[in-house]
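The file entry-v5.cif comes next; it holds mmCIF, C-alpha atoms.
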data_target
loop_
_atom_site.label_atom_id
_atom_site.label_comp_id
_atom_site.auth_asym_id
_atom_site.auth_seq_id
_atom_site.Cartn_x
_atom_site.Cartn_y
_atom_site.Cartn_z
CA MET Q 286 254.74 163.09 58.65
CA GLU Q 287 252.72 162.05 55.61
CA LEU Q 288 251.01 158.71 56.17
CA GLY Q 289 249.50 158.48 52.68
CA PRO Q 290 246.71 155.93 52.32
CA LEU Q 291 247.60 154.03 55.50
CA PRO Q 292 244.84 155.51 57.77
CA GLN Q 293 242.22 154.74 55.12
CA LEU Q 294 243.51 151.18 54.77
CA LEU Q 295 243.55 150.61 58.53
CA VAL Q 296 239.96 151.78 58.92
CA SER Q 297 238.82 149.66 55.96
CA GLY Q 298 240.60 146.63 57.42
CA VAL Q 299 238.98 147.02 60.84
CA LEU Q 300 235.51 147.49 59.34
CA ALA Q 301 235.95 144.37 57.19
CA GLY Q 302 237.20 142.52 60.26
CA PHE Q 303 233.97 143.21 62.16
CA VAL Q 304 231.93 141.33 59.55
CA PHE Q 305 234.49 138.50 59.42
CA ALA Q 306 234.22 138.31 63.22
CA LEU Q 307 230.48 137.76 63.16
CA ILE Q 308 230.81 134.87 60.69
CA ALA Q 309 233.71 133.32 62.62
CA MET Q 310 232.05 133.70 66.04
CA GLY Q 311 229.14 131.56 64.91
CA LEU Q 312 231.55 128.91 63.67
CA THR Q 313 233.68 128.90 66.81
CA LEU Q 314 230.62 128.81 69.09
CA ILE Q 315 229.49 125.53 67.52
CA PHE Q 316 232.97 124.07 67.80
CA GLY Q 317 233.46 125.31 71.36
CA VAL Q 318 230.29 123.65 72.63
CA MET Q 319 230.36 120.44 70.56
CA ASP Q 320 233.90 119.94 69.18
CA VAL Q 321 232.32 119.77 65.73
CA VAL Q 322 233.39 121.84 62.74
CA ASN Q 323 230.45 122.78 60.52
CA PHE Q 324 231.88 122.61 57.01
CA ALA Q 325 228.54 123.87 55.65
CA HIS Q 326 228.87 127.14 57.60
CA GLY Q 327 229.50 129.10 54.41
CA GLU Q 328 226.36 127.64 52.84
CA PHE Q 329 224.32 128.84 55.83
CA LEU Q 330 225.69 132.29 54.99
CA MET Q 331 224.63 131.83 51.37
CA ILE Q 332 221.09 130.91 52.47
CA ALA Q 333 220.96 134.04 54.64
CA MET Q 334 222.00 136.19 51.69
CA TYR Q 335 219.33 134.68 49.45
CA LEU Q 336 216.73 135.21 52.19
CA THR Q 337 217.77 138.85 52.43
CA LEU Q 338 217.43 139.12 48.66
CA GLY Q 339 213.93 137.67 48.92
CA PHE Q 340 212.93 140.17 51.60
CA SER Q 341 214.25 143.01 49.43
CA LEU Q 342 211.95 141.95 46.61
CA VAL Q 343 208.97 142.70 48.86
CA GLY Q 344 210.41 146.06 49.90
CA LEU Q 345 212.28 145.17 53.09
CA GLN Q 346 215.82 146.58 53.12
CA PRO Q 347 218.67 144.40 54.53
CA VAL Q 348 218.90 146.24 57.85
CA LEU Q 349 215.18 145.72 58.52
CA ALA Q 350 215.35 142.14 57.23
CA LEU Q 351 218.24 141.27 59.56
CA PRO Q 352 216.20 140.12 62.62
CA PHE Q 353 213.92 137.99 60.42
CA VAL Q 354 216.86 136.40 58.61
CA ALA Q 355 218.69 135.77 61.90
CA LEU Q 356 215.57 134.14 63.37
CA ALA Q 357 215.08 131.99 60.26
CA LEU Q 358 218.70 130.81 60.40
CA PHE Q 359 218.40 130.12 64.13
CA LEU Q 360 215.43 127.82 63.48
CA PHE Q 361 217.19 126.24 60.50
CA GLY Q 362 220.37 125.61 62.50
CA ALA Q 363 218.47 124.05 65.42
CA PHE Q 364 216.49 121.92 62.94
CA VAL Q 365 219.66 120.71 61.20
CA TYR Q 366 221.12 119.71 64.55
CA ARG Q 367 218.01 117.87 65.76
CA ILE Q 368 217.37 116.02 62.50
CA PHE Q 369 220.85 115.48 61.13
CA VAL Q 370 223.89 116.39 63.23
CA ARG Q 371 222.71 114.71 66.44
CA ARG Q 372 222.71 111.37 64.63
CA LEU Q 373 226.18 112.00 63.25
CA LEU Q 374 227.51 112.43 66.78
CA GLU Q 375 226.49 108.83 67.54
CA GLY Q 376 229.02 107.58 64.97
CA PRO Q 377 232.80 107.93 64.72
CA PRO Q 378 234.38 111.42 64.79
CA GLU Q 379 234.82 111.34 61.01
CA ALA Q 380 231.04 111.14 60.54
CA SER Q 381 230.52 114.79 61.43
CA ILE Q 382 233.24 115.84 59.00
CA PHE Q 383 231.84 113.94 56.04
CA GLY Q 384 228.25 114.67 57.08
CA THR Q 385 228.62 118.45 57.22
CA PHE Q 386 230.69 118.39 54.02
CA GLY Q 387 227.88 116.46 52.37
CA LEU Q 388 225.44 119.09 53.63
CA LEU Q 389 227.66 121.72 52.00
CA VAL Q 390 227.40 119.95 48.63
CA LEU Q 391 223.65 119.47 49.02
CA LEU Q 392 222.93 123.12 49.84
CA GLN Q 393 225.16 124.34 47.02
CA GLY Q 394 223.43 122.02 44.58
CA LEU Q 395 219.97 123.13 45.68
CA ALA Q 396 220.95 126.79 45.34
CA GLN Q 397 222.34 126.11 41.87
CA PHE Q 398 219.11 124.34 40.90
CA PHE Q 399 216.69 126.96 42.20
CA PHE Q 400 218.66 130.18 41.56
CA THR Q 401 221.08 129.14 38.76
CA SER Q 402 224.59 130.57 38.83
CA ASP Q 403 223.42 134.13 38.21
CA VAL Q 404 224.87 136.83 40.44
CA ARG Q 405 222.17 138.82 42.23
CA SER Q 406 222.26 141.89 44.44
CA VAL Q 407 219.96 144.02 46.57
CA ASN Q 408 218.89 147.45 45.44
CA ASN Q 409 220.26 149.35 48.43
CA ALA Q 410 218.12 152.49 48.53
CA TRP Q 411 219.00 153.61 52.05
CA PHE Q 412 222.78 153.80 52.31
CA THR Q 413 224.39 155.15 49.18
CA GLY Q 414 226.63 157.98 50.40
CA ALA Q 415 229.86 158.21 52.34
CA VAL Q 416 231.10 159.56 55.66
CA ARG Q 417 234.30 161.60 55.79
CA LEU Q 418 236.58 161.80 58.82
CA GLY Q 419 239.37 164.09 57.70
CA PRO Q 420 241.28 162.23 54.96
CA ILE Q 421 239.35 159.01 55.62
CA ARG Q 422 236.33 158.21 53.49
CA ILE Q 423 233.97 155.44 54.62
CA GLY Q 424 231.12 154.24 52.44
CA GLU Q 425 227.80 154.17 54.27
CA PRO Q 426 227.08 150.50 53.35
CA GLU Q 427 230.45 149.38 54.73
CA LEU Q 428 230.00 151.46 57.89
CA VAL Q 429 226.47 150.20 58.56
CA ALA Q 430 227.52 146.58 57.93
CA ALA Q 431 230.48 146.89 60.30
CA LEU Q 432 228.51 148.62 63.07
CA GLY Q 433 225.68 146.09 62.74
CA ALA Q 434 228.17 143.22 63.01
CA LEU Q 435 229.80 144.84 66.04
CA VAL Q 436 226.46 145.23 67.82
CA VAL Q 437 225.48 141.60 67.18
CA ALA Q 438 228.94 140.41 68.31
CA ILE Q 439 228.62 142.36 71.57
CA VAL Q 440 225.14 140.93 72.19
CA LEU Q 441 226.49 137.41 71.61
CA TYR Q 442 229.40 137.98 73.99
CA VAL Q 443 227.12 139.34 76.73
CA PHE Q 444 224.74 136.40 76.25
CA ILE Q 445 227.50 133.79 76.52
CA GLU Q 446 229.26 135.41 79.47
CA TYR Q 447 226.46 136.75 81.63
CA THR Q 448 223.28 134.71 81.15
CA GLU Q 449 222.28 131.42 82.75
CA THR Q 450 221.93 129.76 79.36
CA GLY Q 451 225.31 131.10 78.28
CA ARG Q 452 226.93 129.69 81.41
CA GLY Q 453 225.27 126.36 80.65
CA MET Q 454 226.79 126.40 77.16
CA ARG Q 455 230.22 127.22 78.58
CA ALA Q 456 229.88 124.42 81.13
CA THR Q 457 228.98 122.00 78.33
CA SER Q 458 232.05 123.18 76.45
CA GLU Q 459 234.31 122.58 79.46
CA ASP Q 460 233.07 119.12 80.48
CA ARG Q 461 229.99 117.48 79.00
CA ILE Q 462 229.80 114.72 81.61
CA ALA Q 463 230.07 117.15 84.53
CA ALA Q 464 227.48 119.41 82.89
CA THR Q 465 225.09 116.48 82.60
CA LEU Q 466 225.61 115.58 86.27
CA MET Q 467 224.82 119.19 87.20
CA GLY Q 468 221.44 118.88 85.50
CA ILE Q 469 222.28 120.71 82.26
CA ASP Q 470 220.46 119.42 79.19
CA VAL Q 471 223.44 118.86 76.90
CA GLN Q 472 221.30 118.14 73.85
CA ARG Q 473 219.49 121.44 74.35
CA MET Q 474 222.83 123.26 74.66
CA ASN Q 475 224.01 121.63 71.43
CA ALA Q 476 220.85 122.67 69.59
CA LEU Q 477 221.16 126.21 70.96
CA ALA Q 478 224.80 126.37 69.86
CA TRP Q 479 223.84 125.39 66.32
CA GLY Q 480 220.91 127.77 66.35
CA ILE Q 481 222.82 130.76 67.72
CA GLY Q 482 225.85 130.07 65.53
CA SER Q 483 223.56 129.95 62.51
CA ALA Q 484 221.77 133.12 63.64
CA CYS Q 485 225.14 134.91 63.73
CA VAL Q 486 225.88 133.91 60.17
CA GLY Q 487 222.30 134.88 59.26
CA ALA Q 488 222.86 138.39 60.59
CA ALA Q 489 226.19 138.53 58.75
CA GLY Q 490 224.50 137.45 55.51
CA ALA Q 491 221.92 140.24 55.79
CA LEU Q 492 224.64 142.83 56.43
CA LEU Q 493 226.82 141.53 53.60
CA MET Q 494 224.02 142.13 51.12
CA LEU Q 495 224.61 145.86 51.62
CA THR Q 496 227.93 145.53 49.80
CA TYR Q 497 228.14 142.07 48.19
CA GLN Q 498 226.33 140.02 45.59
CA VAL Q 499 224.97 136.52 46.15
CA TYR Q 500 225.43 133.37 44.04
CA PRO Q 501 225.45 129.65 44.94
CA ARG Q 502 229.16 129.46 45.75
CA VAL Q 503 229.48 132.75 47.63
CA GLY Q 504 229.66 130.93 50.97
CA ALA Q 505 232.99 129.33 50.09
CA GLU Q 506 234.56 132.76 49.68
CA PHE Q 507 233.82 133.67 53.28
CA ALA Q 508 233.94 130.22 54.88
CA LEU Q 509 237.64 129.74 54.09
CA THR Q 510 238.45 133.08 55.69
CA ALA Q 511 236.25 132.20 58.68
CA PHE Q 512 238.15 128.93 59.22
CA VAL Q 513 241.44 130.84 59.17
CA VAL Q 514 240.05 133.39 61.63
CA VAL Q 515 238.84 130.69 64.02
CA ALA Q 516 242.13 128.79 63.88
CA LEU Q 517 244.09 132.02 64.25
CA GLY Q 518 242.12 133.22 67.27
CA GLY Q 519 241.78 129.79 68.83
CA PHE Q 520 239.07 127.18 68.24
CA GLY Q 521 236.21 127.67 70.68
CA SER Q 522 237.21 131.19 71.75
CA ILE Q 523 234.66 133.94 71.04
CA GLN Q 524 237.18 136.63 71.95
CA GLY Q 525 239.84 134.94 69.85
CA ALA Q 526 237.55 134.91 66.82
CA PHE Q 527 236.99 138.65 67.20
CA VAL Q 528 240.70 139.46 67.56
CA GLY Q 529 241.62 137.09 64.73
CA ALA Q 530 239.02 138.64 62.44
CA ILE Q 531 240.40 142.15 62.99
CA LEU Q 532 243.91 140.92 62.21
CA VAL Q 533 242.74 139.10 59.08
CA GLY Q 534 240.79 142.15 57.91
CA LEU Q 535 243.83 144.40 58.34
CA VAL Q 536 246.29 142.00 56.72
CA GLU Q 537 243.95 141.33 53.79
CA VAL Q 538 243.35 145.01 53.04
CA LEU Q 539 247.01 145.97 53.45
CA GLY Q 540 248.16 143.01 51.36
CA GLY Q 541 245.66 143.81 48.62
CA PHE Q 542 246.89 147.40 48.42
CA TYR Q 543 250.63 147.06 48.85
CA ILE Q 544 251.09 143.73 47.03
CA SER Q 545 248.19 142.93 44.70
CA PRO Q 546 244.44 142.36 45.08
CA ALA Q 547 244.88 139.00 43.31
CA VAL Q 548 247.11 137.66 46.12
CA LYS Q 549 245.64 139.52 49.11
CA LEU Q 550 244.93 136.26 50.97
CA ILE Q 551 248.54 135.03 50.81
CA PRO Q 552 249.68 137.31 53.69
CA VAL Q 553 246.66 136.09 55.67
CA TYR Q 554 247.72 132.46 55.26
CA LEU Q 555 251.34 133.33 56.08
CA LEU Q 556 250.18 135.03 59.29
CA TYR Q 557 248.13 131.94 60.13
CA LEU Q 558 251.11 129.63 59.55
CA ILE Q 559 253.36 131.77 61.77
CA VAL Q 560 250.81 131.80 64.59
CA VAL Q 561 250.11 128.04 64.51
CA LEU Q 562 253.84 127.28 64.42
CA LEU Q 563 254.52 129.46 67.46
CA ARG Q 564 251.20 128.92 69.27
CA PRO Q 565 249.26 125.93 67.87
CA GLN Q 566 246.18 126.59 70.01
CA GLY Q 567 245.75 130.04 68.46
CA LEU Q 568 246.10 133.49 69.98
CA LEU Q 569 243.47 133.10 72.72
CA GLY Q 570 242.73 129.38 72.55
CA ARG Q 571 243.47 126.73 75.13
CA ARG Q 572 245.67 123.68 74.61
#

Could you express the structure from this file as structure tokens?
Amino acid sequence: MELGPLPQLLVSGVLAGFVFALIAMGLTLIFGVMDVVNFAHGEFLMIAMYLTLGFSLVGLQPVLALPFVALALFLFGAFVYRIFVRRLLEGPPEASIFGTFGLLVLLQGLAQFFFTSDVRSVNNAWFTGAVRLGPIRIGEPELVAALGALVVAIVLYVFIEYTETGRGMRATSEDRIAATLMGIDVQRMNALAWGIGSACVGAAGALLMLTYQVYPRVGAEFALTAFVVVALGGFGSIQGAFVGAILVGLVEVLGGFYISPAVKLIPVYLLYLIVVLLRPQGLLGRR
């Protein structure tokens, strides 16, 4: 039986889904611990991509720059929480929505001011070929980006599930008052959630520079997809974000090929609407 381009499309969709998963896992981690949606999440990704570009200008390729970018975003995320978000939590629930949206506008404006609207890319000197598996051809940049995202996602999952700090974050997510009574520093867990969530998007930004270009509004392109992934998989669920990202990657690639690249996101939104109508909490989320 001739399958045509289907195997190639399926592999491309899964590989794209791995990178989407890393972005969405950072977003859902913050929400799971704090019940706060970071609307500036895409702009954190944009900052990571510009940092990777800066490292490339001094000779450091994206893969080598990844740990430095992730660390920088971790510190930036924890700083944003301590200085800005913590104060928003003292106000009404709407304060965090408008506050993080305002941060989105601020970061976009600063990027536009310092870098203009020019599109910039990294001179990828390491991964320029392709790997062939029978009829399937995988570009080395896409493969490295997907494998890197998968490794970081596994490390995050192991940290959350099997470390003392991870258990503290999960306890904070379940019941903040009970966690406080058990001696858990909730403010520290919140700062760690913002830091680790930002580090995830930092790693994703470094990996994306293998295949994408950066400009001030690039974060919006991925943030919208990340929100759909998180809602599809279930807000606050790390596993749900991973499963949702794979589904979104597959549907986007298949829709772009069989329908039109211009409307490739329409099947993604239709899938999201079907899931939330049948299961409002998402695939692996809790009511």

Worksheet item: Looking at Q:Ala333, Q:Val515, Q:Leu532, Q:Val503, which one is nearest to Ala309 of chain Q, with distances taken over all atoms listed in the file?
Response: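 Checking each of Q:Ala333, Q:Val515, Q:Leu532, Q:Val503 against Ala309 of chain Q, counting all atoms listed in the file, the winner is Q:Val515.
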
Box centre and edge lengths (Å, one decimal), axis-aligned, segment 527-543 of chain Q plus 8 Å each side, as JSON:
{"center_x": 243.8, "center_y": 142.2, "center_z": 58.0, "size_x": 29.6, "size_y": 26.3, "size_z": 35.1}

Discussion item. If I take atom CA of Ser402 of chain Q and atom CA of Tyr497 of chain Q, how far is one from the other in Å, to one decimal?
Written reply: 15.2 Å

Contact table segment 291-391 of chain Q vs segment 449-469 of chain Q, cut-off 7 Å, shortest pair per residue, only C-alpha atoms, as a Markdown table:
| residue | atom | partner | partner_atom | distance |
| --- | --- | --- | --- | --- |
| Q:Gly317 | CA | Q:Ser458 | CA | 5.7 |
| Q:Val318 | CA | Q:Ser458 | CA | 4.2 |
| Q:Met319 | CA | Q:Ser458 | CA | 6.7 |

Within 8 Å of segment 377-391 of chain Q, counting all atoms listed in the file, which residues show up once you throw out same-chain ones fewer than 6 positions away? Write them as a compact mmCIF listing (two decimals) with C-alpha atoms, in the coordinates of the input, please.
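Generated output (out02.txt):
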# COMPACT_ATOMS: atom_id res chain seq x y z
CA VAL Q 321 232.32 119.77 65.73
CA VAL Q 322 233.39 121.84 62.74
CA ASN Q 323 230.45 122.78 60.52
CA PHE Q 324 231.88 122.61 57.01
CA ALA Q 325 228.54 123.87 55.65
CA HIS Q 326 228.87 127.14 57.60
CA GLY Q 327 229.50 129.10 54.41
CA GLU Q 328 226.36 127.64 52.84
CA VAL Q 370 223.89 116.39 63.23

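Straight-line separation from atom CA of Ile315 of chain Q to atom CA of Gly339 of chain Q: 27.1 Å.
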
For the contact check between segment 337-365 of chain Q and segment 478-482 of chain Q, emit one row per residue of segment 337-365 of chain Q within 9 Å, containing the shortest atom pair and the distance in Å rounded to one decimal, counting all atoms listed in the file, chain then rising number order, as JSON lines.
{"residue": "Q:Ala355", "atom": "CA", "partner": "Q:Ile481", "partner_atom": "CA", "distance": 8.7}
{"residue": "Q:Leu356", "atom": "CA", "partner": "Q:Gly480", "partner_atom": "CA", "distance": 8.8}
{"residue": "Q:Leu358", "atom": "CA", "partner": "Q:Gly480", "partner_atom": "CA", "distance": 7.0}
{"residue": "Q:Phe359", "atom": "CA", "partner": "Q:Gly480", "partner_atom": "CA", "distance": 4.1}
{"residue": "Q:Leu360", "atom": "CA", "partner": "Q:Gly480", "partner_atom": "CA", "distance": 6.2}
{"residue": "Q:Phe361", "atom": "CA", "partner": "Q:Gly480", "partner_atom": "CA", "distance": 7.1}
{"residue": "Q:Gly362", "atom": "CA", "partner": "Q:Gly480", "partner_atom": "CA", "distance": 4.4}
{"residue": "Q:Ala363", "atom": "CA", "partner": "Q:Gly480", "partner_atom": "CA", "distance": 4.5}
{"residue": "Q:Phe364", "atom": "CA", "partner": "Q:Gly480", "partner_atom": "CA", "distance": 8.1}
{"residue": "Q:Val365", "atom": "CA", "partner": "Q:Trp479", "partner_atom": "CA", "distance": 8.1}

Worksheet item: Contacts of Tyr442 of chain Q at 12 Å or less, counting only C-alpha atoms, minus same-chain residues fewer than 3 places along, as number ranges by chain?
Response: Q: 306-307, 310-311, 314, 435-439, 445-448, 451-452, 455, 481, 485, 522-527

I need the residues from that last selection saved to file as a JSON list (two decimals), keeping the file's coordinate frame (with C-alpha atoms), if you can.
[["chain", "number", "residue", "atom", "x", "y", "z"],
["Q", 306, "ALA", "CA", 234.22, 138.31, 63.22],
["Q", 307, "LEU", "CA", 230.48, 137.76, 63.16],
["Q", 310, "MET", "CA", 232.05, 133.70, 66.04],
["Q", 311, "GLY", "CA", 229.14, 131.56, 64.91],
["Q", 314, "LEU", "CA", 230.62, 128.81, 69.09],
["Q", 435, "LEU", "CA", 229.80, 144.84, 66.04],
["Q", 436, "VAL", "CA", 226.46, 145.23, 67.82],
["Q", 437, "VAL", "CA", 225.48, 141.60, 67.18],
["Q", 438, "ALA", "CA", 228.94, 140.41, 68.31],
["Q", 439, "ILE", "CA", 228.62, 142.36, 71.57],
["Q", 445, "ILE", "CA", 227.50, 133.79, 76.52],
["Q", 446, "GLU", "CA", 229.26, 135.41, 79.47],
["Q", 447, "TYR", "CA", 226.46, 136.75, 81.63],
["Q", 448, "THR", "CA", 223.28, 134.71, 81.15],
["Q", 451, "GLY", "CA", 225.31, 131.10, 78.28],
["Q", 452, "ARG", "CA", 226.93, 129.69, 81.41],
["Q", 455, "ARG", "CA", 230.22, 127.22, 78.58],
["Q", 481, "ILE", "CA", 222.82, 130.76, 67.72],
["Q", 485, "CYS", "CA", 225.14, 134.91, 63.73],
["Q", 522, "SER", "CA", 237.21, 131.19, 71.75],
["Q", 523, "ILE", "CA", 234.66, 133.94, 71.04],
["Q", 524, "GLN", "CA", 237.18, 136.63, 71.95],
["Q", 525, "GLY", "CA", 239.84, 134.94, 69.85],
["Q", 526, "ALA", "CA", 237.55, 134.91, 66.82],
["Q", 527, "PHE", "CA", 236.99, 138.65, 67.20]]

Practice prompt. Go through the shown structure with the PyMOL selection byres ((chain Q and resi 347) around 7) and write out the matching residues as a list in words.
Written response: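 Here the PyMOL selection byres ((chain Q and resi 347) around 7) matches Thr337, Ser341, Leu345, Gln346, Val348, Leu349, Ala350, Leu351, Ala491, Leu492, Met494 and Leu495 of chain Q.
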